[in-house]
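Read through the structure below, which is laid out as C-alpha cells, and then see the notes.
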Amino acid sequence: MTNFETIKINSLNFMKNILAMLSLMVIVSSCKEDKKEVVSEEPTQTEMQKNLGKYVSVKLTSDVNKLSEKEQQMLPLLIKAAEKMNDLFWYEAYGDKTELLNSIEDEDTKTFVKINYGPWDRLDGNKPFVEGVGEKPLGANFYPKDMTKKEFEAADIEDKSSIYNFVRRDENGKLYSIPYHKQFENEVKEVSELLKEAAKLAEDEGLKTYLELRAQALLDDNYQPSDLAWMDMKTNTLDIVIGPIETYEDQMFGNKAAHEGYVLIKDQEWSAKLARFASFLPELQKGIPVADAYKQETPGTDSDLNAYDVVYYAGDCNSGSKTIAINLPNDEEVQLQKGTRRLQLKNAMRAKFDKILVPISDVLIDESQRQHITFDAFFANTMFHEVAHGLGIKNTINGKGTVRTSLKELASALEEGKADVLGLYMVQQLHEKGEIDGDMKDYMTTFMASIFRSVRFGASSAHGKANMIRFNFFKDKGAFTRNADGTYKIDYANMIVAMKDLSSLILTLQGNGDYDGVAKLVAEKGKISEELQSDLDRLSSANIPVDVIYEQGADVLGL
C-alpha cells in the first residue's frame, strides 16, 4: 500500500470518525432538547388551584396528656358544640349551603366555597368566583337582599337595634325581625345540651358556671350573664368561645353578630408570664396621645391576659383570614364593669409567623433590618393589639351613643386600626419602663412586616382595611421608604411620630362619633396603590400563602 493510499484511508477513517462524532452530538443534543421539553411541560394551574394556593394547611394540635381524665372527656363535647356554629354562620353569610354546593361540579371550586363559607373570595374584596353569582350583599343574609339602608332606618321593627336577630319581609313586604334563638331553634337546643353535658364534667367551678349560663344564653339570646361569668373564670384550663359574637359580616350597618366557636387549652406557663401586663391598663390609658376629653373612661381592672393553644375553629372565625388573638366580650357594659379577656392563640400565631411573616420579610423588608423580625416581637405586638381594644373610649363625648353604633359599618375597621397602633404605643411605653425586653427595633420592624401580611386580607376584612389606612398614613409621615429593589426600610424615629399622630386621629374620630370623618379617612387612605399591589403580587409569585386553613378536630388531637 502506497503512502498516498495510507493517507487516503486514514483521511477516510478520520472523516468517518468526525461524522460519527457529529451524529452522536446530534443524538445527544436531540435527547437534551427532548428532555428539556419534558421538564418544561409542567401542568398549568387552574385559576381555582391558584386561589387554593393562597392558603397553607396547618395541623391544630396540643399536648392533651396534661389534661385530666374529665377534661379529656369534655374536649370532644366542646368541639362538637363549636362545630355546629358552621351551619349557623353559613346561613348568616350566604343562605342555603347545600343548594350552592350541589350546583357546583368542580371539586376545587367546592373546596374554595367551603373555605369562604360562600361563593365570594374573602381575601379578594369578596369578589364572586362562582359563575352566575352576583356581588355579595353588604348585609350578607342578615337582611332582605333588596332592603336599603333608608328603608331599614324608617321601618318600625321590634328590637330594631338588637345584634341578635334577622330582618325579614312578610307576605305584604313589611320588614319584621326574627330572633336568632327562633330562627335556629333546633340547632341551638342541640348545642345547649352539649354544653350542659360538658358542664357536668367540669372540675373548675368557674368553667362549670359559664358553660351552664352559655347553654341558657343560646336559647334566649341573653348573653350578658354568661359574658360576666366568662370574665370571672381564672383557673380553668379548657375554654370555649361560642355564640353570635363579632359584627364584621354585617357590612351594611356593622350591627348583626355572627356565630362562631373556638375551643381552647390554656398554656398555664405562658399565661403566668403575661398576667402582670393587664395591671398597666389604667396608667397607660392616662398617657395615650389624645386630648383628655377622649380618655376619661377608666378601663376595667379585672382584665386578664392568657396564652392558649386553639384546637378548633368554626363559623365566622374560621372564614377567610383566621384570628390569632381574641379580645372579648364586646358588650360595652361588661367592658366598663370588668374589662375584657385577651386570649393569645399561641400555636396559630406561631404557624402564621413561620409560614407567612418570615417569608414576607425575606422579600419585602430591607436586608439590613431582617434580623429584627422575631416571634417574641410578633407575639407581643399581637398581644398588645388585643389589650389596646380596652383603651380609648367606648361612648362618644357628644351624646351620639356608643362609638360602635355611631360609626355603624365603619366602626370595626377603625377599631382594629386603633388597636394596632395603640398596641405599638403600649409596647413602646412598657419598653421605656423596662417592663419589656429586647430591642425596640424588633417590635417596629415586625410591626411593619405585619402590615404587609394583614393588608393581603383585602378590603372586605376589617383588619385588611385597617392595615391599608395605616400603611398609607405611615408612608405620608415618612415612617418607611421603598428601596429601588422593592424592599422597605423603616425610619424608626418617624415611625414613633406617625404612631402617635394616627392614634390621636383615630381616638378623636371615635370620641366624636364622626361617621363622615371616618368615611373620608377610609376613602383617602383605605386603598392599595399600584406600587404596593405590585409588591404584594411578588409575594404571590413567590408562592407565599396569604393565610392558613386548619386540619383540626378530636381525631387530630388523638382523642
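By convention here, the chains of the C-alpha cells are called A, B, ... in the order presented, each chain's residues are numbered starting at 1, and ligands are numbered starting at 1 in the order presented.
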Who sits within 6 Å of segment 394-403 of chain A, only C-alpha atoms, same chain under 3 positions skipped, as JSON, numbers by chain: {"A": [406, 510, 511, 512, 513]}
Pick out the residues sitting within 8 Å of Ala258 of chain A, and hand them over as a ChimeraX atom specification; count only C-alpha atoms, and ignore anything fewer than 2 positions along from it in its own chain. /A:89,92,243-249,256,260,316
For Lys208 of chain A: contacts at 9 Å, only C-alpha atoms, fewer than 6 positions along chain excluded, given as a CSV table (one decimal) with N, CA and C atoms, in the first residue's frame:
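In the end it all went to selection_13.csv:
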```
chain,number,residue,atom,x,y,z
A,196,LYS,N,-74.3,21.7,78.4
A,196,LYS,CA,-74.7,21.2,79.7
A,196,LYS,C,-74.0,19.9,80.1
A,198,ALA,N,-71.1,19.0,79.0
A,198,ALA,CA,-69.7,19.3,79.3
A,198,ALA,C,-69.6,19.9,80.7
A,199,ALA,N,-70.6,20.7,81.1
A,199,ALA,CA,-70.6,21.3,82.4
A,199,ALA,C,-70.6,20.3,83.5
A,200,LYS,N,-71.3,19.2,83.3
A,200,LYS,CA,-71.4,18.1,84.3
A,200,LYS,C,-70.0,17.5,84.6
A,201,LEU,N,-69.1,17.6,83.6
A,201,LEU,CA,-67.8,17.0,83.7
A,201,LEU,C,-66.8,18.1,84.3
A,202,ALA,N,-67.1,19.3,84.3
A,202,ALA,CA,-66.2,20.4,84.6
A,202,ALA,C,-65.8,20.3,86.1
```
Within 6 Å of Met85 of chain A, counting only C-alpha atoms, which residues qualify if same-chain residues fewer than 4 places away don't, as a list in words? His259, Glu260, Ala314 and Gly315 of chain A
Run DSSP on the backbone and tell me which residues of segment 143-286 of chain A come out as strand (DSSP E or B); list them as a list of chain:residue names.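 Strand (DSSP E or B) assignments inside segment 143-286 of chain A correspond to A:Asn165, A:Phe166, A:Val167, A:Arg168, A:Arg169, A:Leu175, A:Tyr176, A:Ser177, A:Ile178, A:Pro179, A:Leu238, A:Asp239, A:Ile240, A:Val241, A:Ile242, A:Gly243, A:Pro244, A:His259, A:Glu260, A:Gly261, A:Tyr262, A:Val263, A:Leu264, A:Ile265, A:Lys266.
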Would you return as a PyMOL selection string the members of segment 147-362 of chain A that DSSP assigns to helix (DSSP H, G or I) on this structure's backbone? chain A and resi 149-154+180-183+185-201+205-220+224-232+268-287+292-295+316-318+332-338+346-362
Kindly export the residues of the current selection with C-alpha atoms, as an mmCIF file, in the first residue's frame.
```
data_model
loop_
_atom_site.group_PDB
_atom_site.id
_atom_site.type_symbol
_atom_site.label_atom_id
_atom_site.label_comp_id
_atom_site.auth_asym_id
_atom_site.auth_seq_id
_atom_site.Cartn_x
_atom_site.Cartn_y
_atom_site.Cartn_z
ATOM 1 C CA LYS A 149 -80.396 51.465 54.473
ATOM 2 C CA LYS A 150 -83.035 54.160 54.185
ATOM 3 C CA GLU A 151 -85.853 51.609 54.303
ATOM 4 C CA PHE A 152 -84.419 49.946 57.395
ATOM 5 C CA GLU A 153 -83.885 53.246 59.214
ATOM 6 C CA ALA A 154 -87.503 54.269 58.540
ATOM 7 C CA TYR A 180 -81.609 34.005 66.414
ATOM 8 C CA HIS A 181 -82.916 31.548 69.014
ATOM 9 C CA LYS A 182 -86.148 31.225 66.993
ATOM 10 C CA GLN A 183 -84.507 31.021 63.568
ATOM 11 C CA GLU A 185 -84.328 26.778 67.389
ATOM 12 C CA ASN A 186 -83.342 23.140 66.722
ATOM 13 C CA GLU A 187 -79.639 23.839 66.309
ATOM 14 C CA VAL A 188 -79.200 25.902 69.484
ATOM 15 C CA LYS A 189 -81.072 23.309 71.540
ATOM 16 C CA GLU A 190 -78.553 20.705 70.432
ATOM 17 C CA VAL A 191 -75.588 22.983 71.216
ATOM 18 C CA SER A 192 -77.103 23.906 74.579
ATOM 19 C CA GLU A 193 -77.384 20.221 75.541
ATOM 20 C CA LEU A 194 -73.746 19.607 74.584
ATOM 21 C CA LEU A 195 -72.602 22.494 76.787
ATOM 22 C CA LYS A 196 -74.707 21.228 79.705
ATOM 23 C CA GLU A 197 -73.195 17.767 79.277
ATOM 24 C CA ALA A 198 -69.699 19.291 79.314
ATOM 25 C CA ALA A 199 -70.605 21.344 82.414
ATOM 26 C CA LYS A 200 -71.373 18.140 84.331
ATOM 27 C CA LEU A 201 -67.762 17.028 83.745
ATOM 28 C CA GLU A 205 -66.323 25.868 89.199
ATOM 29 C CA GLY A 206 -65.901 28.995 87.080
ATOM 30 C CA LEU A 207 -65.960 26.979 83.856
ATOM 31 C CA LYS A 208 -68.955 24.970 85.064
ATOM 32 C CA THR A 209 -70.966 28.141 85.780
ATOM 33 C CA TYR A 210 -70.012 29.708 82.445
ATOM 34 C CA LEU A 211 -70.990 26.612 80.424
ATOM 35 C CA GLU A 212 -74.372 26.426 82.163
ATOM 36 C CA LEU A 213 -75.098 30.119 81.570
ATOM 37 C CA ARG A 214 -73.880 29.977 77.961
ATOM 38 C CA ALA A 215 -76.109 26.962 77.345
ATOM 39 C CA GLN A 216 -79.069 29.070 78.501
ATOM 40 C CA ALA A 217 -77.982 32.150 76.515
ATOM 41 C CA LEU A 218 -78.145 30.214 73.252
ATOM 42 C CA LEU A 219 -81.814 29.508 73.995
ATOM 43 C CA ASP A 220 -82.882 33.115 74.710
ATOM 44 C CA GLN A 224 -74.648 39.244 79.243
ATOM 45 C CA PRO A 225 -74.868 36.902 82.277
ATOM 46 C CA SER A 226 -72.611 34.334 80.573
ATOM 47 C CA ASP A 227 -70.229 37.118 79.435
ATOM 48 C CA LEU A 228 -69.886 38.246 83.057
ATOM 49 C CA ALA A 229 -69.322 34.645 84.179
ATOM 50 C CA TRP A 230 -66.703 34.197 81.453
ATOM 51 C CA MET A 231 -64.878 37.235 82.830
ATOM 52 C CA ASP A 232 -64.881 35.657 86.304
ATOM 53 C CA GLN A 268 -50.500 27.913 82.100
ATOM 54 C CA GLU A 269 -46.778 28.700 81.953
ATOM 55 C CA TRP A 270 -47.042 31.387 79.265
ATOM 56 C CA SER A 271 -50.187 32.802 80.857
ATOM 57 C CA ALA A 272 -48.359 33.345 84.144
ATOM 58 C CA LYS A 273 -45.748 35.455 82.296
ATOM 59 C CA LEU A 274 -48.432 37.659 80.745
ATOM 60 C CA ALA A 275 -50.611 38.206 83.808
ATOM 61 C CA ARG A 276 -48.836 41.319 85.085
ATOM 62 C CA PHE A 277 -49.366 43.398 81.922
ATOM 63 C CA ALA A 278 -53.124 43.865 82.448
ATOM 64 C CA SER A 279 -52.424 45.909 85.596
ATOM 65 C CA PHE A 280 -50.813 48.656 83.477
ATOM 66 C CA LEU A 281 -54.044 49.478 81.613
ATOM 67 C CA PRO A 282 -55.322 52.384 83.774
ATOM 68 C CA GLU A 283 -51.869 54.012 83.774
ATOM 69 C CA LEU A 284 -51.471 53.599 80.012
ATOM 70 C CA GLN A 285 -54.973 54.996 79.433
ATOM 71 C CA LYS A 286 -53.899 58.251 81.080
ATOM 72 C CA GLY A 287 -50.930 58.578 78.738
ATOM 73 C CA ASP A 292 -58.073 64.462 77.962
ATOM 74 C CA ALA A 293 -61.741 64.510 76.899
ATOM 75 C CA TYR A 294 -61.156 61.343 74.876
ATOM 76 C CA LYS A 295 -59.654 59.281 77.689
ATOM 77 C CA ASP A 316 -67.121 33.325 61.496
ATOM 78 C CA CYS A 317 -63.594 32.981 62.944
ATOM 79 C CA ASN A 318 -62.838 30.130 60.500
ATOM 80 C CA GLU A 332 -69.628 47.777 76.356
ATOM 81 C CA GLU A 333 -71.345 47.472 79.759
ATOM 82 C CA VAL A 334 -69.332 44.376 80.620
ATOM 83 C CA GLN A 335 -66.140 46.041 79.384
ATOM 84 C CA LEU A 336 -66.624 49.087 81.595
ATOM 85 C CA GLN A 337 -67.565 46.929 84.588
ATOM 86 C CA LYS A 338 -64.984 44.148 84.292
ATOM 87 C CA LYS A 346 -50.003 30.798 70.513
ATOM 88 C CA ASN A 347 -49.936 27.772 68.214
ATOM 89 C CA ALA A 348 -51.912 29.572 65.477
ATOM 90 C CA MET A 349 -49.658 32.611 65.878
ATOM 91 C CA ARG A 350 -46.514 30.511 65.520
ATOM 92 C CA ALA A 351 -47.838 28.916 62.319
ATOM 93 C CA LYS A 352 -48.504 32.306 60.723
ATOM 94 C CA PHE A 353 -45.120 33.653 61.806
ATOM 95 C CA ASP A 354 -43.142 30.720 60.400
ATOM 96 C CA LYS A 355 -45.113 30.087 57.222
ATOM 97 C CA ILE A 356 -46.114 33.629 56.243
ATOM 98 C CA LEU A 357 -44.450 36.512 58.104
ATOM 99 C CA VAL A 358 -40.816 35.353 57.812
ATOM 100 C CA PRO A 359 -41.112 34.598 54.048
ATOM 101 C CA ILE A 360 -42.771 38.011 53.508
ATOM 102 C CA SER A 361 -39.895 39.710 55.341
ATOM 103 C CA ASP A 362 -37.346 37.970 53.134
#
```
Taking only C-alpha atoms into account, name the residue in A:Val290, A:Gln371, A:Val363, A:Ile506 that is nearest to Ile544 of chain A.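 Smallest distance to Ile544 of chain A is found for A:Val363.
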Give the answer as one residue: which of A:Leu52, A:Leu100, A:Ala479, A:Leu238 has the shortest atom-to-atom distance to Leu67 of chain A, using only C-alpha atoms?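 Of the candidates, the smallest distance to Leu67 of chain A is held by A:Leu238.
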Minimum-distance residue to Asp87 of chain A, chosen among A:Phe447, A:Lys54, A:Gly438, A:Phe184 (using only C-alpha atoms): A:Phe184
Atom CA of Asp501 of chain A to atom CA of Gly526 of chain A: how many Å, to one decimal?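 Spanning atom CA of Asp501 of chain A to atom CA of Gly526 of chain A is a straight-line distance of 16.8 Å.
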Rank nothing, just name the residue among A:Asp331, A:Leu507, A:Tyr143, A:Gly339 nearest to Glu415 of chain A, using only C-alpha atoms. A:Leu507
Quick one: pull the distance between atom CA of Tyr313 of chain A and atom CA of Ser161 of chain A, Å, one decimal. 28.1 Å
Taking 2 positions as the minimum chain separation for residues in the same chain, which residues sit within 9 Å of Met495 of chain A when counting only C-alpha atoms? Answer as an MDAnalysis selection string. chainID A and resid 444 474 477:480 490:493 497:500
Exercise: Lys136 of chain A partners within 8 Å, only C-alpha atoms, chain neighbours under 4 positions left out, as a compact mmCIF listing (two decimals) with N, CA and C atoms, in the first residue's frame:
```txt
# COMPACT_ATOMS: atom_id res chain seq x y z
N TRP A 120 -67.94 33.94 47.50
CA TRP A 120 -67.20 35.20 47.38
C TRP A 120 -65.85 35.06 48.06
N ASN A 126 -64.19 40.15 48.55
CA ASN A 126 -65.47 39.45 48.35
C ASN A 126 -65.86 39.36 46.87
N LYS A 127 -64.86 39.20 46.02
CA LYS A 127 -65.12 39.04 44.58
C LYS A 127 -65.79 37.68 44.34
N PRO A 128 -66.90 37.65 43.55
CA PRO A 128 -67.56 36.37 43.28
C PRO A 128 -66.69 35.47 42.41
N ALA A 140 -75.03 40.76 53.97
CA ALA A 140 -74.96 39.29 53.93
C ALA A 140 -76.38 38.74 53.90
```
